[in-house]
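Notes for the one structure printed next.
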Amino acid sequence: MAEEANRTAFVELQGRMIETTAKLKQVQNQMRGKEGEKKRAYLTLEELQQLADNTNTYKSIGKLFVLEPKSVMVAEQERKLKDSETAITSMQSSKEYLEKQLVEVESNIRELLQQDPGLARQIMSMSVI
């Protein structure tokens with residue numbers, strides 16, 4: 001009876017671990033994307049600031065280029081930069097939370113396997129096959 005409960009608990013913990021790992025990878029990928037957006041916005045902003053105020057600037061919209069005042073382009077890039085930084089900060093806290101959850105689940109699995117060596121042997125025999 002206790003062995004079945006331990007086995008059920010292990011399966012549940014294993015599912016949580018897989019789910020948490022997937023969420024963590026997703027957040028890391030989103031962070032990489034936002035880092036790229038941030039870098040593009042920063043580099044574009046640097047280039048725009050080197051231009052004279054009366055320079056014609058064009059915004060790409062799909063295959064179309066639209067004439068925009070430099071001030072509008074600079075404001076847009078600053079907004080993108082700020083939004084990316086905000087999103088990265090938010091994702092960083094999510095990442096830290098998920099990492100803590102992952103450590104907790106790993107600890108719970110380790111504790112469960114130490115309590116029930118028979119379950120640990122069963123799992124090891126399944127993974128060898």
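Lettering and numbering for the structure tokens are positional, with chains as A, B, ... in the shown order, residues counted from 1 in each chain, and ligands counted from 1 in the shown order.
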Might you pull out every residue within 9 Å of Asn108 in chain A, with only C-alpha atoms counted and same-chain residues fewer than 5 positions away left off, and present them as an MDAnalysis selection string?
chainID A and resid 10 13 103 113
Would you export the selected residues with C-alpha atoms as a compact mmCIF listing (two decimals), in the first residue's frame, please?
```
# COMPACT_ATOMS: atom_id res chain seq x y z
CA PHE A 10 6.96 9.77 -7.75
CA LEU A 13 6.66 14.68 -8.92
CA VAL A 103 15.13 22.59 -7.06
CA LEU A 113 13.82 7.74 -3.36
```
Among the residues of chain A, find those DSSP assigns to helix (DSSP H, G or I) from the backbone and print them as a compact mmCIF listing (two decimals) with N, CA, C and O atoms, in the first residue's frame.
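Output below, filename part.txt:
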```txt
# COMPACT_ATOMS: atom_id res chain seq x y z
N ALA A 2 1.84 1.29 0.92
CA ALA A 2 2.73 2.45 1.01
C ALA A 2 3.58 2.55 -0.25
O ALA A 2 3.89 3.65 -0.72
N GLU A 3 3.96 1.39 -0.78
CA GLU A 3 4.78 1.38 -2.00
C GLU A 3 4.01 1.99 -3.17
O GLU A 3 4.57 2.74 -3.97
N GLU A 4 2.71 1.67 -3.25
CA GLU A 4 1.88 2.23 -4.32
C GLU A 4 1.73 3.74 -4.16
O GLU A 4 1.75 4.49 -5.14
N ALA A 5 1.59 4.20 -2.93
CA ALA A 5 1.48 5.63 -2.68
C ALA A 5 2.78 6.34 -3.06
O ALA A 5 2.75 7.43 -3.65
N ASN A 6 3.92 5.71 -2.74
CA ASN A 6 5.21 6.29 -3.11
C ASN A 6 5.37 6.34 -4.63
O ASN A 6 5.90 7.30 -5.18
N ARG A 7 4.93 5.29 -5.28
CA ARG A 7 5.02 5.24 -6.75
C ARG A 7 4.15 6.35 -7.38
O ARG A 7 4.58 7.04 -8.30
N THR A 8 2.94 6.54 -6.85
CA THR A 8 2.04 7.59 -7.32
C THR A 8 2.65 8.96 -7.08
O THR A 8 2.62 9.83 -7.96
N ALA A 9 3.24 9.13 -5.90
CA ALA A 9 3.89 10.41 -5.58
C ALA A 9 5.06 10.67 -6.52
O ALA A 9 5.26 11.80 -6.99
N PHE A 10 5.82 9.62 -6.84
CA PHE A 10 6.96 9.77 -7.75
C PHE A 10 6.49 10.20 -9.14
O PHE A 10 7.06 11.10 -9.74
N VAL A 11 5.44 9.55 -9.63
CA VAL A 11 4.91 9.88 -10.95
C VAL A 11 4.43 11.33 -10.97
O VAL A 11 4.67 12.07 -11.94
N GLU A 12 3.77 11.75 -9.90
CA GLU A 12 3.29 13.14 -9.81
C GLU A 12 4.47 14.12 -9.80
O GLU A 12 4.46 15.13 -10.50
N LEU A 13 5.48 13.81 -8.99
CA LEU A 13 6.66 14.68 -8.92
C LEU A 13 7.40 14.73 -10.25
O LEU A 13 7.89 15.78 -10.67
N GLN A 14 7.46 13.60 -10.91
CA GLN A 14 8.12 13.54 -12.22
C GLN A 14 7.37 14.42 -13.23
O GLN A 14 7.99 15.16 -14.00
N GLY A 15 6.05 14.37 -13.19
CA GLY A 15 5.24 15.22 -14.08
C GLY A 15 5.46 16.70 -13.79
O GLY A 15 5.60 17.51 -14.71
N ARG A 16 5.51 17.05 -12.50
CA ARG A 16 5.76 18.45 -12.13
C ARG A 16 7.15 18.90 -12.60
O ARG A 16 7.32 20.03 -13.04
N MET A 17 8.11 17.99 -12.49
CA MET A 17 9.47 18.33 -12.91
C MET A 17 9.53 18.58 -14.41
O MET A 17 10.14 19.54 -14.87
N ILE A 18 8.88 17.74 -15.18
CA ILE A 18 8.85 17.89 -16.63
C ILE A 18 8.16 19.20 -17.01
O ILE A 18 8.64 19.96 -17.85
N GLU A 19 7.03 19.46 -16.36
CA GLU A 19 6.27 20.69 -16.63
C GLU A 19 7.08 21.94 -16.27
O GLU A 19 7.13 22.90 -17.05
N THR A 20 7.72 21.92 -15.13
CA THR A 20 8.52 23.06 -14.68
C THR A 20 9.71 23.29 -15.61
O THR A 20 10.03 24.43 -15.95
N THR A 21 10.36 22.21 -16.03
CA THR A 21 11.49 22.32 -16.95
C THR A 21 11.05 22.92 -18.27
O THR A 21 11.74 23.79 -18.82
N ALA A 22 9.90 22.51 -18.77
CA ALA A 22 9.39 23.05 -20.04
C ALA A 22 9.09 24.54 -19.90
O ALA A 22 9.42 25.33 -20.79
N LYS A 23 8.46 24.92 -18.79
CA LYS A 23 8.16 26.34 -18.56
C LYS A 23 9.44 27.16 -18.46
O LYS A 23 9.51 28.27 -18.99
N LEU A 24 10.44 26.61 -17.79
CA LEU A 24 11.72 27.30 -17.63
C LEU A 24 12.38 27.52 -18.98
O LEU A 24 12.87 28.62 -19.27
N LYS A 25 12.37 26.51 -19.82
CA LYS A 25 12.96 26.65 -21.16
C LYS A 25 12.20 27.69 -21.98
O LYS A 25 12.80 28.48 -22.72
N GLN A 26 10.89 27.71 -21.85
CA GLN A 26 10.07 28.68 -22.56
C GLN A 26 10.42 30.11 -22.14
O GLN A 26 10.59 31.00 -22.97
N VAL A 27 10.55 30.32 -20.83
CA VAL A 27 10.90 31.65 -20.32
C VAL A 27 12.29 32.05 -20.80
O VAL A 27 12.52 33.20 -21.19
N GLN A 28 13.23 31.10 -20.79
CA GLN A 28 14.59 31.41 -21.25
C GLN A 28 14.58 31.79 -22.73
O GLN A 28 15.28 32.74 -23.13
N ASN A 29 13.80 31.10 -23.54
CA ASN A 29 13.70 31.44 -24.97
C ASN A 29 13.08 32.82 -25.17
O ASN A 29 13.53 33.60 -26.00
N GLN A 30 12.05 33.12 -24.39
CA GLN A 30 11.42 34.44 -24.48
C GLN A 30 12.40 35.53 -24.07
O GLN A 30 12.45 36.59 -24.69
N MET A 31 13.20 35.25 -23.06
CA MET A 31 14.20 36.23 -22.61
C MET A 31 15.24 36.48 -23.71
O MET A 31 15.63 37.62 -23.93
N ARG A 32 15.67 35.41 -24.37
CA ARG A 32 16.63 35.59 -25.48
C ARG A 32 16.03 36.44 -26.58
O ARG A 32 16.69 37.31 -27.14
N GLY A 33 14.77 36.23 -26.90
CA GLY A 33 14.09 37.04 -27.91
C GLY A 33 14.01 38.50 -27.51
O GLY A 33 14.28 39.39 -28.32
N LYS A 34 13.66 38.75 -26.26
CA LYS A 34 13.57 40.14 -25.77
C LYS A 34 14.95 40.79 -25.72
O LYS A 34 15.08 41.99 -25.98
N GLU A 35 15.98 40.02 -25.40
CA GLU A 35 17.35 40.56 -25.42
C GLU A 35 17.72 41.01 -26.83
O GLU A 35 18.33 42.06 -27.01
N GLY A 36 17.33 40.22 -27.83
CA GLY A 36 17.58 40.59 -29.22
C GLY A 36 16.85 41.86 -29.61
O GLY A 36 17.41 42.74 -30.25
N GLU A 37 15.57 41.95 -29.21
CA GLU A 37 14.78 43.16 -29.48
C GLU A 37 15.42 44.38 -28.82
O GLU A 37 15.51 45.46 -29.43
N LYS A 38 15.86 44.19 -27.59
CA LYS A 38 16.48 45.29 -26.85
C LYS A 38 17.75 45.76 -27.56
O LYS A 38 17.98 46.97 -27.71
N LYS A 39 18.55 44.81 -28.00
CA LYS A 39 19.81 45.16 -28.67
C LYS A 39 19.54 45.89 -29.99
O LYS A 39 20.20 46.88 -30.31
N ARG A 40 18.56 45.40 -30.76
CA ARG A 40 18.21 46.07 -32.03
C ARG A 40 17.74 47.49 -31.77
O ARG A 40 18.12 48.43 -32.48
N ALA A 41 16.89 47.67 -30.77
CA ALA A 41 16.37 49.00 -30.44
C ALA A 41 17.51 49.92 -30.01
O ALA A 41 17.58 51.08 -30.44
N TYR A 42 18.43 49.40 -29.21
CA TYR A 42 19.56 50.19 -28.74
C TYR A 42 20.45 50.62 -29.90
O TYR A 42 20.82 51.80 -30.02
N LEU A 43 20.78 49.67 -30.78
CA LEU A 43 21.65 49.99 -31.91
C LEU A 43 20.98 50.97 -32.88
O LEU A 43 21.63 51.90 -33.37
N THR A 44 19.69 50.79 -33.12
CA THR A 44 18.96 51.71 -33.99
C THR A 44 18.91 53.09 -33.37
O THR A 44 19.10 54.10 -34.06
N LEU A 45 18.69 53.15 -32.08
CA LEU A 45 18.65 54.43 -31.37
C LEU A 45 20.01 55.14 -31.46
O LEU A 45 20.05 56.35 -31.71
N GLU A 46 21.07 54.40 -31.30
CA GLU A 46 22.41 54.98 -31.43
C GLU A 46 22.63 55.59 -32.81
O GLU A 46 23.16 56.69 -32.95
N GLU A 47 22.21 54.86 -33.83
CA GLU A 47 22.38 55.36 -35.20
C GLU A 47 21.51 56.58 -35.45
O GLU A 47 21.93 57.53 -36.10
N LEU A 48 20.29 56.56 -34.94
CA LEU A 48 19.39 57.70 -35.13
C LEU A 48 19.92 58.97 -34.45
O LEU A 48 19.78 60.07 -34.98
N GLN A 49 20.53 58.81 -33.31
CA GLN A 49 21.02 59.97 -32.57
C GLN A 49 22.20 60.63 -33.27
O GLN A 49 22.47 61.80 -33.04
N GLN A 50 22.87 59.91 -34.14
CA GLN A 50 24.00 60.49 -34.88
C GLN A 50 23.53 61.36 -36.05
O GLN A 50 24.30 62.15 -36.57
N LYS A 70 12.40 62.26 -37.43
CA LYS A 70 13.42 61.62 -36.59
C LYS A 70 12.94 61.51 -35.15
O LYS A 70 13.15 60.48 -34.49
N SER A 71 12.27 62.53 -34.65
CA SER A 71 11.82 62.53 -33.24
C SER A 71 10.86 61.37 -32.97
O SER A 71 10.90 60.75 -31.90
N VAL A 72 9.99 61.07 -33.94
CA VAL A 72 9.05 59.96 -33.79
C VAL A 72 9.80 58.63 -33.76
O VAL A 72 9.52 57.75 -32.93
N MET A 73 10.78 58.50 -34.63
CA MET A 73 11.57 57.26 -34.70
C MET A 73 12.37 57.06 -33.39
O MET A 73 12.43 55.95 -32.87
N VAL A 74 12.96 58.15 -32.89
CA VAL A 74 13.73 58.07 -31.65
C VAL A 74 12.80 57.68 -30.49
O VAL A 74 13.13 56.79 -29.69
N ALA A 75 11.66 58.30 -30.39
CA ALA A 75 10.70 57.99 -29.32
C ALA A 75 10.26 56.53 -29.40
O ALA A 75 10.13 55.84 -28.37
N GLU A 76 10.02 56.05 -30.62
CA GLU A 76 9.59 54.66 -30.80
C GLU A 76 10.68 53.69 -30.34
O GLU A 76 10.40 52.70 -29.66
N GLN A 77 11.93 53.96 -30.71
CA GLN A 77 13.03 53.08 -30.31
C GLN A 77 13.26 53.13 -28.80
O GLN A 77 13.54 52.09 -28.18
N GLU A 78 13.11 54.30 -28.20
CA GLU A 78 13.24 54.41 -26.75
C GLU A 78 12.15 53.61 -26.05
O GLU A 78 12.39 52.96 -25.03
N ARG A 79 10.93 53.68 -26.60
CA ARG A 79 9.82 52.91 -26.03
C ARG A 79 10.10 51.41 -26.15
O ARG A 79 9.89 50.65 -25.19
N LYS A 80 10.57 50.98 -27.32
CA LYS A 80 10.88 49.55 -27.51
C LYS A 80 11.95 49.10 -26.53
O LYS A 80 11.86 48.01 -25.96
N LEU A 81 12.96 49.93 -26.34
CA LEU A 81 14.05 49.62 -25.42
C LEU A 81 13.52 49.48 -23.99
O LEU A 81 13.83 48.51 -23.29
N LYS A 82 12.69 50.43 -23.58
CA LYS A 82 12.12 50.41 -22.23
C LYS A 82 11.20 49.21 -22.04
O LYS A 82 11.25 48.52 -21.01
N ASP A 83 10.35 48.93 -23.03
CA ASP A 83 9.44 47.79 -22.95
C ASP A 83 10.21 46.47 -22.85
O ASP A 83 9.84 45.58 -22.08
N SER A 84 11.28 46.35 -23.62
CA SER A 84 12.09 45.13 -23.58
C SER A 84 12.74 44.96 -22.22
O SER A 84 12.75 43.86 -21.67
N GLU A 85 13.26 46.05 -21.67
CA GLU A 85 13.89 45.96 -20.34
C GLU A 85 12.87 45.56 -19.28
O GLU A 85 13.17 44.73 -18.41
N THR A 86 11.68 46.11 -19.36
CA THR A 86 10.62 45.77 -18.41
C THR A 86 10.25 44.29 -18.54
O THR A 86 10.11 43.59 -17.52
N ALA A 87 10.10 43.82 -19.77
CA ALA A 87 9.73 42.42 -19.99
C ALA A 87 10.84 41.48 -19.50
O ALA A 87 10.54 40.45 -18.89
N ILE A 88 12.07 41.86 -19.74
CA ILE A 88 13.20 41.02 -19.30
C ILE A 88 13.23 40.94 -17.78
O ILE A 88 13.45 39.86 -17.21
N THR A 89 12.99 42.06 -17.11
CA THR A 89 12.97 42.07 -15.65
C THR A 89 11.87 41.16 -15.12
O THR A 89 12.08 40.37 -14.19
N SER A 90 10.70 41.24 -15.75
CA SER A 90 9.58 40.39 -15.34
C SER A 90 9.90 38.91 -15.57
O SER A 90 9.63 38.06 -14.71
N MET A 91 10.47 38.63 -16.72
CA MET A 91 10.81 37.23 -17.05
C MET A 91 11.91 36.70 -16.14
O MET A 91 11.93 35.51 -15.83
N GLN A 92 12.81 37.57 -15.73
CA GLN A 92 13.88 37.16 -14.82
C GLN A 92 13.30 36.68 -13.49
O GLN A 92 13.74 35.67 -12.95
N SER A 93 12.31 37.40 -12.99
CA SER A 93 11.69 36.97 -11.73
C SER A 93 10.93 35.66 -11.92
O SER A 93 10.97 34.78 -11.04
N SER A 94 10.29 35.49 -13.07
CA SER A 94 9.61 34.21 -13.38
C SER A 94 10.62 33.08 -13.46
O SER A 94 10.38 31.98 -12.95
N LYS A 95 11.74 33.36 -14.09
CA LYS A 95 12.80 32.35 -14.23
C LYS A 95 13.32 31.93 -12.86
O LYS A 95 13.48 30.73 -12.60
N GLU A 96 13.57 32.89 -11.98
CA GLU A 96 14.06 32.58 -10.64
C GLU A 96 13.04 31.74 -9.87
O GLU A 96 13.41 30.77 -9.18
N TYR A 97 11.76 32.08 -10.00
CA TYR A 97 10.69 31.32 -9.33
C TYR A 97 10.67 29.88 -9.84
O TYR A 97 10.59 28.93 -9.06
N LEU A 98 10.75 29.71 -11.18
CA LEU A 98 10.72 28.36 -11.75
C LEU A 98 11.95 27.56 -11.35
O LEU A 98 11.86 26.35 -11.12
N GLU A 99 13.10 28.21 -11.27
CA GLU A 99 14.32 27.52 -10.85
C GLU A 99 14.18 27.03 -9.41
O GLU A 99 14.60 25.92 -9.08
N LYS A 100 13.58 27.85 -8.54
CA LYS A 100 13.35 27.44 -7.15
C LYS A 100 12.39 26.24 -7.10
O LYS A 100 12.59 25.31 -6.32
N GLN A 101 11.34 26.30 -7.93
CA GLN A 101 10.39 25.18 -7.98
C GLN A 101 11.08 23.90 -8.43
O GLN A 101 10.83 22.83 -7.88
N LEU A 102 11.95 24.03 -9.42
CA LEU A 102 12.66 22.86 -9.96
C LEU A 102 13.57 22.25 -8.88
O LEU A 102 13.59 21.03 -8.72
N VAL A 103 14.27 23.09 -8.15
CA VAL A 103 15.13 22.59 -7.06
C VAL A 103 14.29 21.89 -6.00
O VAL A 103 14.67 20.83 -5.49
N GLU A 104 13.12 22.46 -5.69
CA GLU A 104 12.24 21.87 -4.69
C GLU A 104 11.74 20.49 -5.14
O GLU A 104 11.73 19.54 -4.36
N VAL A 105 11.34 20.39 -6.41
CA VAL A 105 10.84 19.12 -6.92
C VAL A 105 11.97 18.08 -6.93
O VAL A 105 11.76 16.92 -6.55
N GLU A 106 13.17 18.49 -7.35
CA GLU A 106 14.31 17.56 -7.35
C GLU A 106 14.59 17.07 -5.93
O GLU A 106 14.85 15.89 -5.71
N SER A 107 14.50 17.97 -4.97
CA SER A 107 14.72 17.62 -3.57
C SER A 107 13.67 16.62 -3.09
O SER A 107 13.98 15.64 -2.40
N ASN A 108 12.42 16.88 -3.47
CA ASN A 108 11.33 15.97 -3.09
C ASN A 108 11.52 14.59 -3.70
O ASN A 108 11.28 13.58 -3.03
N ILE A 109 11.94 14.54 -4.94
CA ILE A 109 12.17 13.24 -5.60
C ILE A 109 13.32 12.51 -4.90
O ILE A 109 13.22 11.31 -4.61
N ARG A 110 14.39 13.23 -4.62
CA ARG A 110 15.55 12.63 -3.95
C ARG A 110 15.14 12.08 -2.58
O ARG A 110 15.50 10.95 -2.22
N GLU A 111 14.36 12.85 -1.84
CA GLU A 111 13.89 12.43 -0.52
C GLU A 111 13.01 11.18 -0.62
O GLU A 111 13.16 10.24 0.16
N LEU A 112 12.12 11.17 -1.60
CA LEU A 112 11.24 10.03 -1.80
C LEU A 112 12.03 8.77 -2.13
O LEU A 112 11.75 7.70 -1.59
N LEU A 113 13.03 8.90 -2.97
CA LEU A 113 13.82 7.74 -3.36
C LEU A 113 14.69 7.25 -2.20
O LEU A 113 14.96 6.05 -2.08
N GLN A 114 15.12 8.15 -1.32
CA GLN A 114 15.89 7.74 -0.14
C GLN A 114 15.00 7.02 0.87
O GLN A 114 15.44 6.09 1.55
N GLN A 115 13.73 7.43 0.95
CA GLN A 115 12.80 6.78 1.88
C GLN A 115 12.43 5.39 1.42
O GLN A 115 12.19 4.50 2.24
N PRO A 117 13.96 2.67 -0.93
CA PRO A 117 15.01 2.14 -1.82
C PRO A 117 14.45 1.15 -2.85
O PRO A 117 14.99 1.02 -3.95
N GLY A 118 13.37 0.46 -2.49
CA GLY A 118 12.75 -0.47 -3.44
C GLY A 118 12.24 0.26 -4.68
O GLY A 118 12.40 -0.22 -5.81
N LEU A 119 11.65 1.42 -4.48
CA LEU A 119 11.17 2.24 -5.60
C LEU A 119 12.34 2.71 -6.45
O LEU A 119 12.27 2.69 -7.68
N ALA A 120 13.43 3.10 -5.79
CA ALA A 120 14.62 3.54 -6.51
C ALA A 120 15.16 2.41 -7.39
O ALA A 120 15.54 2.63 -8.55
N ARG A 121 15.19 1.17 -6.86
CA ARG A 121 15.66 0.02 -7.65
C ARG A 121 14.73 -0.23 -8.83
O ARG A 121 15.19 -0.53 -9.93
N GLN A 122 13.42 -0.13 -8.60
CA GLN A 122 12.45 -0.34 -9.68
C GLN A 122 12.68 0.67 -10.81
O GLN A 122 12.67 0.30 -11.97
N ILE A 123 12.85 1.91 -10.43
CA ILE A 123 13.04 2.97 -11.43
C ILE A 123 14.34 2.74 -12.20
O ILE A 123 14.38 2.89 -13.42
N MET A 124 15.39 2.37 -11.48
CA MET A 124 16.67 2.12 -12.13
C MET A 124 16.57 0.93 -13.08
O MET A 124 17.15 0.96 -14.17
N SER A 125 15.83 -0.10 -12.70
CA SER A 125 15.70 -1.26 -13.59
C SER A 125 14.90 -0.92 -14.84
O SER A 125 15.14 -1.45 -15.91
N MET A 126 13.94 0.02 -14.73
CA MET A 126 13.16 0.45 -15.90
C MET A 126 14.01 1.29 -16.85
O MET A 126 13.86 1.18 -18.06
N SER A 127 14.87 2.11 -16.31
CA SER A 127 15.66 3.01 -17.17
C SER A 127 16.79 2.28 -17.87
O SER A 127 17.30 2.75 -18.87
N VAL A 128 17.20 1.11 -17.36
CA VAL A 128 18.27 0.33 -17.99
C VAL A 128 17.77 -0.29 -19.28
O VAL A 128 18.49 -0.40 -20.25
```
Any idea what's packed within 9 Å of Tyr58 in chain A, counting only C-alpha atoms, ignoring anything in its chain fewer than 5 positions away? Could you give it as number ranges by chain?
A: 65-70, 73
